[in-house]
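The structure file final08.cif is reproduced below (mmCIF, C-alpha atoms).
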data_run
#
loop_
_atom_site.label_atom_id
_atom_site.label_comp_id
_atom_site.auth_asym_id
_atom_site.auth_seq_id
_atom_site.Cartn_x
_atom_site.Cartn_y
_atom_site.Cartn_z
CA MET A 1 105.46 189.29 157.08
CA LEU A 2 108.10 190.59 159.46
CA THR A 3 109.00 187.75 161.79
CA ILE A 4 111.26 187.93 164.81
CA GLU A 5 112.07 184.85 166.80
CA ILE A 6 114.23 183.84 169.74
CA THR A 7 114.36 180.09 169.83
CA ASN A 8 116.16 176.93 170.89
CA GLU A 9 115.59 175.38 167.49
CA ASP A 10 117.81 175.55 164.43
CA PHE A 11 116.44 177.28 161.32
CA SER A 12 116.57 176.99 157.53
CA LEU A 13 117.76 179.91 155.40
CA ASP A 14 115.67 178.61 152.50
CA GLU A 15 112.61 178.85 154.72
CA LEU A 16 113.50 182.37 155.93
CA VAL A 17 114.17 183.54 152.39
CA ARG A 18 110.90 182.03 151.20
CA LYS A 19 109.09 184.11 153.83
CA ALA A 20 111.08 187.25 152.99
CA LYS A 21 110.61 187.13 149.21
CA ARG A 22 108.49 189.85 147.57
CA LYS A 23 107.59 190.35 143.94
CA ASP A 24 108.99 193.87 144.09
CA ALA A 25 112.25 192.74 145.73
CA GLY A 26 115.29 192.22 143.53
CA ALA A 27 117.83 191.74 146.32
CA LEU A 28 117.89 189.70 149.51
CA VAL A 29 120.91 189.97 151.79
CA THR A 30 121.37 187.44 154.58
CA PHE A 31 123.68 187.58 157.56
CA LEU A 32 124.33 184.27 159.28
CA GLY A 33 126.35 184.22 162.48
CA THR A 34 127.87 180.87 163.46
CA VAL A 35 129.88 179.57 166.43
CA ARG A 36 133.50 180.16 165.45
CA ASP A 37 136.23 177.83 166.65
CA ASP A 38 138.80 180.02 168.33
CA GLY A 39 139.73 177.42 170.89
CA ILE A 40 136.23 176.92 172.27
CA GLU A 41 134.15 173.76 172.42
CA ARG A 42 130.64 175.10 172.92
CA MET A 43 128.81 178.34 173.43
CA GLU A 44 125.84 179.01 175.69
CA LEU A 45 123.42 181.73 174.70
CA GLU A 46 120.99 183.37 177.06
CA ALA A 47 118.39 186.05 176.35
CA PHE A 48 116.20 188.41 178.36
CA ARG A 49 113.43 187.46 175.99
CA GLU A 50 110.78 189.92 177.18
CA ALA A 51 113.18 192.84 176.58
CA ALA A 52 114.99 191.39 173.55
CA LEU A 53 111.92 190.91 171.35
CA PRO A 54 110.67 194.52 171.55
CA GLU A 55 114.24 195.81 171.05
CA LEU A 56 114.57 193.66 167.91
CA GLU A 57 111.24 195.02 166.71
CA ARG A 58 112.46 198.59 167.17
CA ILE A 59 115.68 197.82 165.29
CA ARG A 60 113.74 196.15 162.48
CA ASP A 61 111.41 199.15 162.19
CA GLU A 62 114.33 201.59 162.16
CA ALA A 63 116.08 199.58 159.43
CA ALA A 64 112.91 199.20 157.35
CA ALA A 65 112.34 202.97 157.43
CA LYS A 66 115.98 203.98 156.83
CA PHE A 67 116.69 201.54 154.00
CA ASN A 68 113.28 200.97 152.37
CA LEU A 69 113.28 197.31 153.30
CA LEU A 70 110.34 195.34 151.93
CA SER A 71 110.67 192.57 154.49
CA VAL A 72 112.89 191.46 157.34
CA GLU A 73 113.27 188.09 159.03
CA VAL A 74 115.32 187.69 162.21
CA VAL A 75 115.97 184.50 164.18
CA HIS A 76 118.25 184.36 167.20
CA ARG A 77 119.01 181.14 168.97
CA VAL A 78 119.50 180.53 172.67
CA GLY A 79 120.79 177.47 174.48
CA SER A 80 123.92 175.40 174.05
CA LEU A 81 125.56 175.45 170.60
CA ALA A 82 128.53 173.54 169.19
CA VAL A 83 131.22 174.96 166.91
CA GLY A 84 129.79 175.61 163.44
CA GLU A 85 126.17 175.84 164.58
CA ASN A 86 123.94 178.75 163.58
CA ILE A 87 123.52 181.55 166.13
CA VAL A 88 121.60 184.25 164.30
CA ALA A 89 120.12 184.89 160.86
CA ILE A 90 118.92 188.20 159.43
CA VAL A 91 117.30 188.34 155.98
CA CYS A 92 116.54 191.74 154.40
CA ALA A 93 114.65 192.11 151.13
CA ALA A 94 114.70 195.36 149.15
CA ALA A 95 114.11 196.52 145.61
CA HIS A 96 117.86 197.11 145.12
CA ARG A 97 121.02 195.62 146.55
CA ASP A 98 122.45 198.73 148.21
CA GLU A 99 119.43 199.00 150.49
CA ALA A 100 119.43 195.27 151.28
CA PHE A 101 123.17 195.25 152.17
CA ARG A 102 122.98 198.39 154.31
CA GLY A 103 119.77 197.30 156.05
CA CYS A 104 121.19 193.90 156.94
CA ARG A 105 124.41 195.43 158.24
CA TYR A 106 122.47 197.96 160.31
CA ILE A 107 120.39 195.26 161.97
CA ILE A 108 123.32 193.04 162.99
CA GLU A 109 125.33 196.03 164.31
CA GLU A 110 122.41 197.32 166.38
CA LEU A 111 121.51 193.81 167.54
CA LYS A 112 125.02 193.31 168.90
CA ALA A 113 124.98 196.68 170.66
CA ARG A 114 121.45 196.80 172.02
CA VAL A 115 119.66 193.46 172.28
CA PRO A 116 119.89 191.77 175.71
CA VAL A 117 121.48 188.47 174.70
CA TRP A 118 124.65 187.03 176.22
CA LYS A 119 127.19 184.41 175.20
CA LYS A 120 129.33 182.20 177.37
CA GLU A 121 132.26 180.44 175.71
CA LEU A 122 133.16 177.01 177.06
CA SER A 123 136.64 175.65 176.38
CA LYS A 124 138.92 173.04 177.92
CA ASN A 125 140.39 175.79 180.08
CA GLY A 126 137.08 176.87 181.54
CA GLU A 127 134.30 179.26 180.70
CA ARG A 128 134.07 182.97 179.94
CA TRP A 129 131.20 185.39 179.43
CA VAL A 130 131.84 187.32 176.22
CA GLY A 131 132.00 191.10 176.38
CA HIS A 132 132.93 191.42 180.08
CA GLU A 133 135.49 193.92 181.31
CA MET B 1 135.70 174.33 148.52
CA LEU B 2 135.25 177.34 146.26
CA THR B 3 132.49 176.47 143.83
CA ILE B 4 131.36 178.55 140.87
CA GLU B 5 128.47 177.44 138.76
CA ILE B 6 126.44 178.73 135.81
CA THR B 7 123.35 176.61 135.56
CA ASN B 8 119.76 176.25 134.39
CA GLU B 9 118.77 174.70 137.70
CA ASP B 10 117.51 176.44 140.81
CA PHE B 11 119.63 176.21 143.95
CA SER B 12 119.24 175.95 147.72
CA LEU B 13 120.81 178.53 150.03
CA ASP B 14 120.93 175.94 152.80
CA GLU B 15 123.02 173.74 150.52
CA LEU B 16 125.35 176.60 149.51
CA VAL B 17 125.78 177.66 153.14
CA ARG B 18 126.48 174.07 154.16
CA LYS B 19 129.29 173.99 151.60
CA ALA B 20 130.61 177.42 152.64
CA LYS B 21 130.70 176.78 156.40
CA ARG B 22 134.09 176.60 158.10
CA LYS B 23 134.95 176.00 161.73
CA ASP B 24 136.96 179.22 161.79
CA ALA B 25 134.14 181.24 160.16
CA GLY B 26 131.88 183.27 162.42
CA ALA B 27 130.04 185.16 159.68
CA LEU B 28 128.46 184.16 156.38
CA VAL B 29 126.93 186.86 154.20
CA THR B 30 124.70 185.86 151.30
CA PHE B 31 123.51 187.95 148.38
CA LEU B 32 120.50 186.59 146.53
CA GLY B 33 119.33 188.35 143.37
CA THR B 34 115.77 187.61 142.27
CA VAL B 35 113.61 188.61 139.28
CA ARG B 36 111.91 191.83 140.38
CA ASP B 37 108.44 192.69 139.14
CA ASP B 38 108.71 196.14 137.64
CA GLY B 39 106.15 195.48 134.97
CA ILE B 40 107.85 192.43 133.49
CA GLU B 41 106.57 188.90 133.13
CA ARG B 42 109.73 186.90 132.61
CA MET B 43 113.44 187.37 132.21
CA GLU B 44 115.81 185.49 129.94
CA LEU B 45 119.41 185.10 130.99
CA GLU B 46 122.23 184.25 128.65
CA ALA B 47 125.93 183.71 129.44
CA PHE B 48 129.17 183.46 127.51
CA ARG B 49 129.97 180.55 129.76
CA GLU B 50 133.58 179.93 128.63
CA ALA B 51 134.48 183.55 129.43
CA ALA B 52 132.15 184.01 132.41
CA LEU B 53 133.53 181.16 134.52
CA PRO B 54 137.18 182.30 134.46
CA GLU B 55 136.09 185.90 135.10
CA LEU B 56 134.08 184.76 138.14
CA GLU B 57 137.13 182.82 139.33
CA ARG B 58 139.27 185.95 139.08
CA ILE B 59 136.69 187.99 140.99
CA ARG B 60 136.43 185.29 143.67
CA ASP B 61 140.23 185.18 144.06
CA GLU B 62 140.45 188.98 144.28
CA ALA B 63 137.72 189.05 146.94
CA ALA B 64 139.24 186.18 148.91
CA ALA B 65 142.60 187.97 149.02
CA LYS B 66 141.24 191.47 149.75
CA PHE B 67 138.79 190.45 152.48
CA ASN B 68 140.32 187.27 153.98
CA LEU B 69 137.41 185.16 152.88
CA LEU B 70 137.55 181.56 154.08
CA SER B 71 135.18 180.32 151.38
CA VAL B 72 133.04 181.58 148.54
CA GLU B 73 130.15 179.96 146.70
CA VAL B 74 128.70 181.53 143.54
CA VAL B 75 125.78 180.25 141.44
CA HIS B 76 124.40 182.17 138.48
CA ARG B 77 121.40 180.93 136.57
CA VAL B 78 120.71 181.14 132.86
CA GLY B 79 117.52 180.46 130.91
CA SER B 80 113.99 181.72 131.34
CA LEU B 81 112.98 182.90 134.82
CA ALA B 82 109.62 184.08 136.21
CA VAL B 83 109.12 186.98 138.61
CA GLY B 84 110.40 186.05 142.07
CA GLU B 85 112.77 183.35 140.87
CA ASN B 86 116.40 183.21 141.95
CA ILE B 87 118.98 184.67 139.54
CA VAL B 88 122.24 184.64 141.45
CA ALA B 89 123.55 183.66 144.87
CA ILE B 90 126.89 184.58 146.44
CA VAL B 91 127.88 183.20 149.84
CA CYS B 92 131.01 184.52 151.57
CA ALA B 93 132.36 183.07 154.81
CA ALA B 94 134.88 184.93 156.96
CA ALA B 95 136.07 184.97 160.53
CA HIS B 96 134.31 188.30 161.13
CA ARG B 97 131.27 190.04 159.71
CA ASP B 98 132.95 193.12 158.26
CA GLU B 99 135.02 190.95 155.91
CA ALA B 100 132.05 188.79 154.93
CA PHE B 101 129.83 191.81 154.14
CA ARG B 102 132.52 193.62 152.16
CA GLY B 103 133.61 190.51 150.28
CA CYS B 104 130.05 189.66 149.25
CA ARG B 105 129.40 193.23 148.12
CA TYR B 106 132.63 193.28 146.13
CA ILE B 107 131.74 190.08 144.28
CA ILE B 108 128.25 191.17 143.22
CA GLU B 109 129.48 194.61 142.09
CA GLU B 110 132.31 193.13 140.03
CA LEU B 111 130.07 190.39 138.68
CA LYS B 112 127.62 192.98 137.38
CA ALA B 113 130.39 195.04 135.79
CA ARG B 114 132.63 192.33 134.36
CA VAL B 115 131.03 188.93 133.89
CA PRO B 116 129.61 188.27 130.39
CA VAL B 117 125.98 187.55 131.27
CA TRP B 118 122.98 189.33 129.76
CA LYS B 119 119.34 189.75 130.70
CA LYS B 120 116.34 190.29 128.48
CA GLU B 121 113.13 191.51 130.12
CA LEU B 122 109.88 190.25 128.63
CA SER B 123 106.70 192.20 129.31
CA LYS B 124 103.28 192.54 127.71
CA ASN B 125 104.68 195.47 125.72
CA GLY B 126 107.56 193.51 124.22
CA GLU B 127 111.12 192.67 125.12
CA ARG B 128 114.20 194.66 126.04
CA TRP B 129 117.85 193.76 126.62
CA VAL B 130 118.94 195.26 129.94
CA GLY B 131 121.88 197.65 129.96
CA HIS B 132 121.69 198.73 126.32
CA GLU B 133 122.20 202.33 125.31
CA MET C 1 142.14 180.84 107.67
CA LYS C 2 139.19 179.94 109.92
CA ILE C 3 137.86 182.49 112.40
CA LYS C 4 135.03 181.63 114.79
CA VAL C 5 132.67 184.52 115.55
CA MET C 6 130.53 184.24 118.69
CA ALA C 7 127.70 186.67 119.35
CA PHE C 8 125.63 187.23 122.48
CA ALA C 9 122.42 188.94 123.58
CA SER C 10 121.14 191.43 120.95
CA PHE C 11 124.03 190.52 118.61
CA ARG C 12 123.19 186.83 118.89
CA GLU C 13 119.67 187.65 117.78
CA ILE C 14 121.13 189.38 114.68
CA LEU C 15 124.06 187.12 113.83
CA GLY C 16 123.27 183.79 115.44
CA LYS C 17 125.29 182.31 118.27
CA GLU C 18 128.28 181.09 116.24
CA LEU C 19 129.59 181.69 112.74
CA ASP C 20 132.63 180.11 111.14
CA LEU C 21 134.28 182.49 108.68
CA ASP C 22 136.85 181.39 106.14
CA ILE C 23 139.09 184.36 105.45
CA VAL C 24 141.63 184.64 102.65
CA GLY C 25 144.90 186.36 103.47
CA GLU C 26 145.45 188.39 106.65
CA ALA C 27 142.63 189.01 109.09
CA THR C 28 142.14 191.67 111.73
CA ALA C 29 139.30 192.32 114.18
CA SER C 30 138.15 195.31 112.13
CA GLY C 31 138.33 193.23 108.95
CA VAL C 32 136.07 190.55 110.43
CA LEU C 33 133.59 193.17 111.64
CA ALA C 34 133.55 194.73 108.15
CA ILE C 35 132.77 191.33 106.59
CA LEU C 36 129.93 190.83 109.07
CA ALA C 37 128.58 194.31 108.23
CA VAL C 38 128.59 193.58 104.54
CA ARG C 39 126.82 190.24 105.03
CA ASN C 40 124.24 191.51 107.50
CA LYS C 41 122.63 194.95 107.28
CA ARG C 42 121.04 194.71 110.74
CA PHE C 43 124.48 194.07 112.21
CA LYS C 44 125.88 197.07 110.36
CA GLU C 45 123.13 199.29 111.78
CA ALA C 46 123.50 197.88 115.29
CA ALA C 47 127.30 197.99 115.48
CA PHE C 48 128.44 200.96 113.37
CA ASP C 49 127.53 204.63 113.45
CA GLU C 50 126.92 206.69 110.31
CA SER C 51 130.58 207.60 109.91
CA GLY C 52 131.51 203.93 109.89
CA GLN C 53 132.95 203.88 113.44
CA ILE C 54 132.21 200.98 115.79
CA LYS C 55 129.65 202.19 118.33
CA ASP C 56 130.83 202.75 121.89
CA TYR C 57 128.61 200.10 123.43
CA VAL C 58 129.94 197.23 121.29
CA LEU C 59 132.25 194.98 123.31
CA LEU C 60 134.80 192.60 121.80
CA MET C 61 136.86 189.65 122.99
CA ILE C 62 139.58 187.81 121.11
CA ASN C 63 140.05 184.32 122.53
CA ARG C 64 138.04 185.38 125.62
CA LYS C 65 140.21 188.43 126.35
CA ARG C 66 138.65 191.89 126.10
CA ILE C 67 140.13 194.20 123.46
CA ASP C 68 139.74 197.97 123.29
CA PRO C 69 137.73 198.84 120.14
CA ARG C 70 139.51 202.21 119.96
CA GLN C 71 143.02 200.78 119.95
CA ASP C 72 143.05 197.09 119.20
CA LEU C 73 140.83 196.76 116.11
CA SER C 74 143.90 196.20 113.95
CA THR C 75 144.93 193.23 116.12
CA ARG C 76 145.99 190.42 113.80
CA LEU C 77 143.89 187.25 114.04
CA HIS C 78 145.30 183.77 113.51
CA ASP C 79 143.83 180.55 112.19
CA GLY C 80 141.40 179.14 114.78
CA ASP C 81 141.00 182.40 116.70
CA GLU C 82 137.67 183.28 118.24
CA LEU C 83 136.15 186.79 118.10
CA ALA C 84 133.21 187.49 120.43
CA VAL C 85 130.82 190.43 119.87
CA PHE C 86 128.37 191.54 122.54
CA PRO C 87 126.62 194.49 124.20
CA PRO C 88 127.33 195.69 127.78
CA VAL C 89 127.00 192.92 130.33
CA ALA C 90 124.05 192.89 132.75
CA GLY C 91 124.11 189.85 135.02
CA GLY C 92 123.35 189.34 138.68
CA MET D 1 106.00 196.25 198.39
CA LYS D 2 107.08 193.48 196.02
CA ILE D 3 109.98 194.06 193.64
CA LYS D 4 111.02 191.40 191.15
CA VAL D 5 114.75 191.25 190.45
CA MET D 6 115.86 189.53 187.25
CA ALA D 7 119.51 188.72 186.62
CA PHE D 8 121.24 187.55 183.46
CA ALA D 9 124.54 186.03 182.37
CA SER D 10 127.24 186.37 185.06
CA PHE D 11 124.75 188.02 187.42
CA ARG D 12 122.30 185.17 186.95
CA GLU D 13 125.05 182.77 188.02
CA ILE D 14 125.48 184.81 191.22
CA LEU D 15 121.91 185.79 192.06
CA GLY D 16 119.74 183.24 190.27
CA LYS D 17 117.41 184.15 187.43
CA GLU D 18 114.61 185.74 189.47
CA LEU D 19 114.25 186.96 193.05
CA ASP D 20 111.14 188.39 194.67
CA LEU D 21 112.03 190.99 197.29
CA ASP D 22 109.56 192.26 199.84
CA ILE D 23 110.61 195.79 200.73
CA VAL D 24 109.30 197.86 203.62
CA GLY D 25 108.74 201.55 202.93
CA GLU D 26 110.09 203.35 199.89
CA ALA D 27 112.30 201.58 197.37
CA THR D 28 114.79 202.90 194.86
CA ALA D 29 117.05 201.12 192.37
CA SER D 30 120.10 201.86 194.52
CA GLY D 31 118.24 200.63 197.60
CA VAL D 32 117.47 197.30 195.95
CA LEU D 33 121.08 196.91 194.78
CA ALA D 34 122.28 197.63 198.32
CA ILE D 35 119.97 194.93 199.72
CA LEU D 36 121.31 192.46 197.13
CA ALA D 37 124.89 193.39 198.08
CA VAL D 38 124.22 192.77 201.78
CA ARG D 39 122.61 189.42 201.07
CA ASN D 40 125.21 188.21 198.58
CA LYS D 41 128.91 188.92 198.93
CA ARG D 42 129.73 187.68 195.40
CA PHE D 43 127.21 190.15 193.99
CA LYS D 44 128.75 192.96 196.01
CA GLU D 45 132.19 192.13 194.64
CA ALA D 46 130.92 191.78 191.07
CA ALA D 47 128.77 194.92 190.98
CA PHE D 48 130.43 197.47 193.29
CA ASP D 49 133.93 198.91 193.37
CA GLU D 50 135.89 199.48 196.57
CA SER D 51 134.46 202.94 197.12
CA GLY D 52 130.93 201.52 196.97
CA GLN D 53 130.13 202.83 193.48
CA ILE D 54 128.28 200.65 190.97
CA LYS D 55 130.82 199.41 188.41
CA ASP D 56 130.63 200.87 184.93
CA TYR D 57 129.85 197.60 183.22
CA VAL D 58 126.70 196.86 185.23
CA LEU D 59 123.56 197.51 183.20
CA LEU D 60 120.11 198.06 184.66
CA MET D 61 116.54 198.04 183.38
CA ILE D 62 113.41 199.04 185.24
CA ASN D 63 110.36 197.42 183.69
CA ARG D 64 112.45 196.60 180.60
CA LYS D 65 113.66 200.17 180.06
CA ARG D 66 117.36 200.95 180.45
CA ILE D 67 118.29 203.38 183.21
CA ASP D 68 121.54 205.28 183.53
CA PRO D 69 123.37 204.04 186.67
CA ARG D 70 125.03 207.46 187.07
CA GLN D 71 121.80 209.45 187.12
CA ASP D 72 118.80 207.24 187.69
CA LEU D 73 119.77 205.10 190.68
CA SER D 74 117.45 207.12 192.91
CA THR D 75 114.49 206.29 190.64
CA ARG D 76 111.56 205.36 192.85
CA LEU D 77 110.26 201.79 192.40
CA HIS D 78 106.62 200.83 192.81
CA ASP D 79 104.87 197.67 193.93
CA GLY D 80 105.23 195.04 191.20
CA ASP D 81 108.13 196.74 189.42
CA GLU D 82 110.86 194.67 187.84
CA LEU D 83 114.56 195.52 188.10
CA ALA D 84 116.90 193.69 185.73
CA VAL D 85 120.67 193.48 186.36
CA PHE D 86 123.07 192.30 183.68
CA PRO D 87 126.51 192.72 182.12
CA PRO D 88 127.15 194.19 178.63
CA VAL D 89 125.16 192.43 175.92
CA ALA D 90 126.93 190.16 173.43
CA GLY D 91 124.53 188.53 171.00
CA GLY D 92 124.68 187.79 167.31
#
Just give me the structure of the file as structure tokens.
Amino acid sequence: MLTIEITNEDFSLDELVRKAKRKDAGALVTFLGTVRDDGIERMELEAFREAALPELERIRDEAAAKFNLLSVEVVHRVGSLAVGENIVAIVCAAAHRDEAFRGCRYIIEELKARVPVWKKELSKNGERWVGHE
Amino acid sequence: MLTIEITNEDFSLDELVRKAKRKDAGALVTFLGTVRDDGIERMELEAFREAALPELERIRDEAAAKFNLLSVEVVHRVGSLAVGENIVAIVCAAAHRDEAFRGCRYIIEELKARVPVWKKELSKNGERWVGHE
Amino acid sequence: MKIKVMAFASFREILGKELDLDIVGEATASGVLAILAVRNKRFKEAAFDESGQIKDYVLLMINRKRIDPRQDLSTRLHDGDELAVFPPVAGG
Amino acid sequence: MKIKVMAFASFREILGKELDLDIVGEATASGVLAILAVRNKRFKEAAFDESGQIKDYVLLMINRKRIDPRQDLSTRLHDGDELAVFPPVAGG
């Protein structure tokens, strides 16, 4: 019902939405993060999986309680990704759209601040860990 | 590039997202409206297509300008839909997530207020046009 | 002069989706609505209040542009114009 | 006493993903970091400033719970504990 995954594999939004759908849900909001081309060629993603999964579960539970979410699906990829590839998807289902929008926004903001995942950008000029001083 | 459709057919979010993806987009936010079970059995959707399409184009252009959207896909269904079926999908791609979230929210709010589409709910107790006095 | 009337949602159920009216002399939006009210009692009850005013929830478009029923009912219609009548929108 | 050190991102590139340290006597978070700094000059330069303070951007977890490097560095570690060292997170 509430799935959280950290994986090397790509995912399908149709599949995530199919899992998130509820009869009492009228609104599903999806955030999809992709590798943006700002001069980079690839991105490498690394996770502290054993700490990231429980942190994602806490964030999901917080969001579900705050915004009356009926279901939540989260997938975060790790490994080497090319420009345009999917990094993360968050699907939130709620009775009404305000809750679904706010719940989805909450989860991606908290994920970026709290979940132990790191990105390294690889470009022609070298490589750089994102978020360093 | 910027597709707007009013159709009897169901749609695939994967397909819409594939069309909306851009190399310079890091965030795609999708709103999916579905038929919610609050005691109804079906819903019938009707559009004034010749007026709805240009209104959707205006809304899309306003959102693209206000929120720096790189692409927008909108599909709205008409006809008879069962509980759980897709009604509307809006996909907004932007460089950053704040723009994508705000652009997607803007389009669904304006769509609901301005676009000539109507819903009739059908339940065991009869039928009711939504939004009437 | 031919005027096409289009109706949607509850008004479509009363009037049908499209009507072609043939109007003699000058035509205005309020004139067309009055003709419809005379021809169709259910439309009269749905669209007008007891004092003969258009109800607030009735929305109108001339050639796919919204008009304000409080100000623009005397708008002159021309041969081939299209008047759309519908209740508040509810899509999405 | 065995302590497992896990390192991620830039610190993984310096230290490797996992190290098993065998520590004699009592162990604290700051004690383990000091041992790592002695063994690995690149780690010392990446994690400590010139006055020997842990840099602000270094994040620490003991058994997958964040600790505050300004207050909790003297936290006692026990046999089998896991200390994780990493830079600011940047997922999504």
Here's the selection I'm unsure about, the PyMOL selection byres ((chain A) within 12 of (chain D)); applied to the file above, which residues does it give, as a PyMOL selection string? chain A and resi 6+31-36+43-56+74-78+86-90+105+107-121+127-133
Residues of chain A no more than 8 Å from chain B, counting all atoms listed in the file: send them over as a short mmCIF file (atom, residue, chain, number, x, y, z; two decimals) with C-alpha atoms, in the coordinates of the input.
data_model
loop_
_atom_site.label_atom_id
_atom_site.label_comp_id
_atom_site.auth_asym_id
_atom_site.auth_seq_id
_atom_site.Cartn_x
_atom_site.Cartn_y
_atom_site.Cartn_z
CA SER A 12 116.57 176.99 157.53
CA LEU A 13 117.76 179.91 155.40
CA ASP A 14 115.67 178.61 152.50
CA LYS A 21 110.61 187.13 149.21
CA ARG A 22 108.49 189.85 147.57
CA LYS A 23 107.59 190.35 143.94
CA ASP A 24 108.99 193.87 144.09
CA ALA A 25 112.25 192.74 145.73
CA GLY A 26 115.29 192.22 143.53
CA ALA A 27 117.83 191.74 146.32
CA LEU A 28 117.89 189.70 149.51
CA VAL A 29 120.91 189.97 151.79
CA THR A 30 121.37 187.44 154.58
CA PHE A 31 123.68 187.58 157.56
CA LEU A 32 124.33 184.27 159.28
CA GLY A 33 126.35 184.22 162.48
CA THR A 34 127.87 180.87 163.46
CA VAL A 35 129.88 179.57 166.43
CA ARG A 36 133.50 180.16 165.45
CA ASP A 37 136.23 177.83 166.65
CA ASP A 38 138.80 180.02 168.33
CA VAL A 83 131.22 174.96 166.91
CA GLY A 84 129.79 175.61 163.44
CA ALA A 95 114.11 196.52 145.61
CA PHE A 101 123.17 195.25 152.17
CA ARG A 105 124.41 195.43 158.24
#
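Here atom CA of Glu18 of chain C is placed at a distance of 22.8 Å from atom CA of Glu5 of chain B.
Here atom CA of Glu45 of chain D is placed at a distance of 27.4 Å from atom CA of Gly79 of chain A.
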Output the coordinates of chain C after least-squares fitting to chain D on all in-order C-alpha pairs, as a compact mmCIF listing (two decimals) with C-alpha atoms, in the frame of the given file.
# COMPACT_ATOMS: atom_id res chain seq x y z
CA MET C 1 106.00 196.29 198.42
CA LYS C 2 107.08 193.49 196.04
CA ILE C 3 109.97 194.06 193.65
CA LYS C 4 111.01 191.40 191.14
CA VAL C 5 114.75 191.25 190.45
CA MET C 6 115.86 189.52 187.24
CA ALA C 7 119.51 188.72 186.62
CA PHE C 8 121.25 187.54 183.46
CA ALA C 9 124.56 186.03 182.35
CA SER C 10 127.27 186.34 185.06
CA PHE C 11 124.77 188.01 187.43
CA ARG C 12 122.30 185.16 186.95
CA GLU C 13 125.03 182.76 188.00
CA ILE C 14 125.49 184.80 191.22
CA LEU C 15 121.92 185.78 192.05
CA GLY C 16 119.74 183.25 190.26
CA LYS C 17 117.41 184.14 187.42
CA GLU C 18 114.61 185.72 189.48
CA LEU C 19 114.24 186.95 193.04
CA ASP C 20 111.13 188.38 194.65
CA LEU C 21 112.02 190.99 197.26
CA ASP C 22 109.55 192.28 199.82
CA ILE C 23 110.60 195.80 200.71
CA VAL C 24 109.26 197.87 203.59
CA GLY C 25 108.72 201.56 202.95
CA GLU C 26 110.09 203.37 199.88
CA ALA C 27 112.31 201.59 197.40
CA THR C 28 114.80 202.90 194.87
CA ALA C 29 117.06 201.13 192.37
CA SER C 30 120.10 201.87 194.53
CA GLY C 31 118.26 200.62 197.61
CA VAL C 32 117.47 197.29 195.94
CA LEU C 33 121.08 196.91 194.79
CA ALA C 34 122.28 197.63 198.34
CA ILE C 35 119.98 194.91 199.72
CA LEU C 36 121.32 192.45 197.14
CA ALA C 37 124.90 193.39 198.10
CA VAL C 38 124.23 192.77 201.75
CA ARG C 39 122.60 189.40 201.06
CA ASN C 40 125.21 188.20 198.58
CA LYS C 41 128.93 188.93 198.91
CA ARG C 42 129.75 187.69 195.40
CA PHE C 43 127.22 190.15 194.00
CA LYS C 44 128.77 192.96 196.03
CA GLU C 45 132.21 192.13 194.64
CA ALA C 46 130.93 191.77 191.08
CA ALA C 47 128.77 194.90 191.00
CA PHE C 48 130.44 197.47 193.28
CA ASP C 49 133.93 198.92 193.35
CA GLU C 50 135.89 199.49 196.56
CA SER C 51 134.44 202.95 197.11
CA GLY C 52 130.93 201.52 196.98
CA GLN C 53 130.11 202.83 193.48
CA ILE C 54 128.27 200.64 190.97
CA LYS C 55 130.81 199.42 188.42
CA ASP C 56 130.64 200.89 184.92
CA TYR C 57 129.86 197.61 183.20
CA VAL C 58 126.71 196.87 185.24
CA LEU C 59 123.57 197.50 183.18
CA LEU C 60 120.11 198.06 184.65
CA MET C 61 116.54 198.03 183.38
CA ILE C 62 113.41 199.04 185.25
CA ASN C 63 110.35 197.42 183.68
CA ARG C 64 112.46 196.59 180.59
CA LYS C 65 113.64 200.18 180.07
CA ARG C 66 117.35 200.96 180.43
CA ILE C 67 118.27 203.38 183.22
CA ASP C 68 121.53 205.29 183.56
CA PRO C 69 123.36 204.03 186.68
CA ARG C 70 125.01 207.45 187.07
CA GLN C 71 121.78 209.42 187.12
CA ASP C 72 118.77 207.23 187.69
CA LEU C 73 119.76 205.09 190.70
CA SER C 74 117.44 207.12 192.92
CA THR C 75 114.49 206.30 190.64
CA ARG C 76 111.55 205.37 192.85
CA LEU C 77 110.25 201.81 192.41
CA HIS C 78 106.60 200.86 192.81
CA ASP C 79 104.86 197.70 193.94
CA GLY C 80 105.22 195.04 191.22
CA ASP C 81 108.12 196.75 189.44
CA GLU C 82 110.84 194.67 187.85
CA LEU C 83 114.56 195.52 188.11
CA ALA C 84 116.92 193.69 185.73
CA VAL C 85 120.69 193.48 186.36
CA PHE C 86 123.09 192.30 183.68
CA PRO C 87 126.54 192.73 182.11
CA PRO C 88 127.16 194.19 178.61
CA VAL C 89 125.18 192.41 175.93
CA ALA C 90 126.96 190.15 173.42
CA GLY C 91 124.53 188.51 171.02
CA GLY C 92 124.64 187.78 167.32
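If you look at atom CA of Thr28 of chain C and atom CA of Val85 of chain C, they are 14.0 Å away from each other.
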Can you list, as a ChimeraX atom specification, the residues that the PyMOL selection byres ((chain C and resi 29) around 7) selects here? /C:27-28,30-33,73-77
Here is a test: counting only C-alpha atoms, which residue of D:Asp81, D:Asp68, D:Ala46, D:Asn40 is nearest to Ile23 of chain D? D:Asp81
